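A short worksheet on the structure shown next.
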Amino acid sequence: MTEPLRLCMAQMTSTNWHAGNIAWMQNAAARARADGAHMLALPEASGLCNKNRDEALTLVVDHDRDPFVAACRETAARLGLWIHTGSTPVTGPDGPDGLRFLNHADLIDPTGRIVAGYDKIHLFDIFLDGKPATGESRRYGPGARAVMADTPWGPLGMSICYDLRFPDLYRDYAQAGATLLFIPSAFTVPTGQAHWETLLRARAIENGAFVIAPAQVGRHDDGRTTYGHSMIVSPWGEVLADMGGDAPGLVTLDLDLEAVTAARRQIPSLKNGRPYTFHHIAREPIPEPTP
C-alpha cells in the first residue's frame with residue numbers, strides 16, 4: 001500500500017521580480033516542512049509574473065541560470081522536501097518577433113535534483129468578447145513533450161494552465177499510469193468563474209486521478225488580476241480543497257492514493273475504450289422542384 005502523500009498547495013500573488021517570489025517560496029517551504037508535508041506545489045508563474053516584455057527581457061534567463069529554479073533546488077535539498085515549481089519563464093526559441101520565452105515547470109526531489117522538466121504545450125491565445133486578445137504565443141514558444149515522472153506516490157503527469165482544456169493530454173497520462181495530475185495555473189477571472197472548477201473536476205473524474213491545481217490570485221504588480229481558487233480534486237470528483245479567490249496562502253492535505261485504485265476499479269473507463277471509425281454523413285441537397 002502506498003503511503004498517503006501529505007501535499008502542501010500554495011496560492012500566490014507573484015510579483016514582477018524574482019527576489020520577492022523566492023522569499024515567499026522559501027517561507028512557504030519552511031511552513032510546509034514544519035507541517036510534515038512531503039511536497040510543496042506552487043502555481044504557474046510562481047517565479048516571475050511580468051507581462052511587460054521589455055522589462056521581462058532584462059530579468060528572464062536560461063533555465064540553468066534561473067534564480068528561482070536555483071532557489072527551489074537549494075530549498076528542497078535543505079529541507080528534504082519535494083517541490084513542484086508550478087512554472088517560471090525561461091529563455092527559449094526565437095520567434096518571428098525575436099526572442100520568446102518558455103513557460104517551464106520543474107519537479108525537484110528532496111536532494112535538490114530536478115527529476116523532470118516540462119514546457120507548457122498549449123498557449124493561451126483567446127479572444128473574449130469585450131476583452132483584449134491574450135496572445136501568449138507572441139511572448140512564449142510552445143513545448144512539444146508530455147512529461148510523466150515517477151514519484152513515491154505513483155506517476156505524476158505535468159501540465160500548465162491552458163493545457164487543462166485539452167483532455168487528450170490527461171487521458172494519455174492516465175493510460176500510462178499517472179495517479180497525480182498537476183495543473184498549476186494563473187486563470188483569468190472571467191474564464192475562472194465560467195470554467196475552472198468544471199474543467200478540473202472533469203479531468204479528475206474521467207481519468208480517476210487526483211488533480212492538484214495551485215493557482216495565482218488577486219491583483220499583481222504587472223496589472224493583471226487572477227482568479228485564485230486553488231483546488232485539489234479527488235479521483236471521484238470531490239473538491240477536497242478550494243482556497244478561495246481573495247488571498248494567497250497554504251493548505252496541507254493527506255492524499256490517499258488508494259482512492260485512485262478504487263475509482264478506476266468502480267468505473268474502469270480507462271479499460272473500456274473501444275476503437276471506432278469516424279463517419280460524417282453529409283446532408284443531401286434538396287432537389288429543385290420541377291416546373
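Chains: A, B, ... in order of the C-alpha cells. Residues: from 1 per chain. Ligands: from 1, in order shown.
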Give me the residues within 6 Å of Asp119 of chain A as a compact mmCIF listing (two decimals) with C-alpha atoms, in the first residue's frame, counting only C-alpha atoms and dropping any in the same chain fewer than 3 places off.
# COMPACT_ATOMS: atom_id res chain seq x y z
CA ASN A 103 6.74 28.60 -19.60
CA HIS A 104 8.72 25.97 -17.70
CA GLY A 143 6.60 22.90 -25.60
Backbone DSSP call of strand (DSSP E) for segment 45-260 of chain A, listed as a VMD selection string: chain A and resid 82 to 84 88 to 95 98 to 108 114 to 119 148 to 149 156 to 158 180 to 182 210 to 213 217 to 219 225 to 227 231 to 233 239 to 242 249 to 255
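If you count only C-alpha atoms and ignore residues fewer than 3 places along the chain from Tyr173 of chain A, what sits within 10 Å of it is Ala146, Val147, Met148, Pro155, Leu156, Gly157, Met158, Asp168, Leu169, Tyr170, Ala176, Gly177, Ala178, Thr179, Leu180, Leu181, Asn207 and Ala209 of chain A.
Our summary of the geometry notes that atom CA of Arg224 of chain A is positioned 18.7 Å from atom CA of Phe101 of chain A.
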Nearest-residue call for Ile108 of chain A, choices A:Ile160, A:Asp54, A:Cys8, A:Leu40, using only C-alpha atoms: A:Leu40
Distance query Gly36 of chain A at most 12 Å, only C-alpha atoms, self and fewer than 6 positions along chain excluded, as a count of residues only: 14
Backbone-only DSSP, alpha helix (DSSP H) members of segment 3-67 of chain A, as a list in words: His18, Ala19, Gly20, Asn21, Ile22, Ala23, Trp24, Met25, Gln26, Asn27, Ala28, Ala29, Ala30, Arg31, Ala32, Arg33, Ala34, Arg53, Asp54, Glu55, Ala56, Leu57 and Pro67 of chain A
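Of the listed residues (A:Ser230, A:Gln193, A:Gln216, A:Thr198), A:Gln216 comes nearest to Cys49 of chain A; the distances count only C-alpha atoms.
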Which of A:Pro93, A:Gly237, A:Pro287, A:Gly218 sits closest to Leu199 of chain A [using only C-alpha atoms]: A:Gly237
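Atom to atom, atom CA of Leu250 of chain A and atom CA of Ala10 of chain A stand 4.6 Å apart.
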Best match for closeness to Thr91 of chain A among A:Ala71, A:Leu59, A:Ile183, A:Leu107, counting only C-alpha atoms: A:Leu59
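Minimum atom-to-atom distance to Arg138 of chain A, evaluated using only C-alpha atoms, belongs to A:Leu99 out of A:Ala174, A:Leu99, A:Ala204, A:Ile114.
Take the candidates A:Ala282, A:Ala28, A:Val217, A:Ile121 and check each one against Ser137 of chain A using only C-alpha atoms; the shortest distance goes to A:Ile121.
Picture a line from atom CA of His220 of chain A to atom CA of Ile83 of chain A; it runs 23.2 Å.
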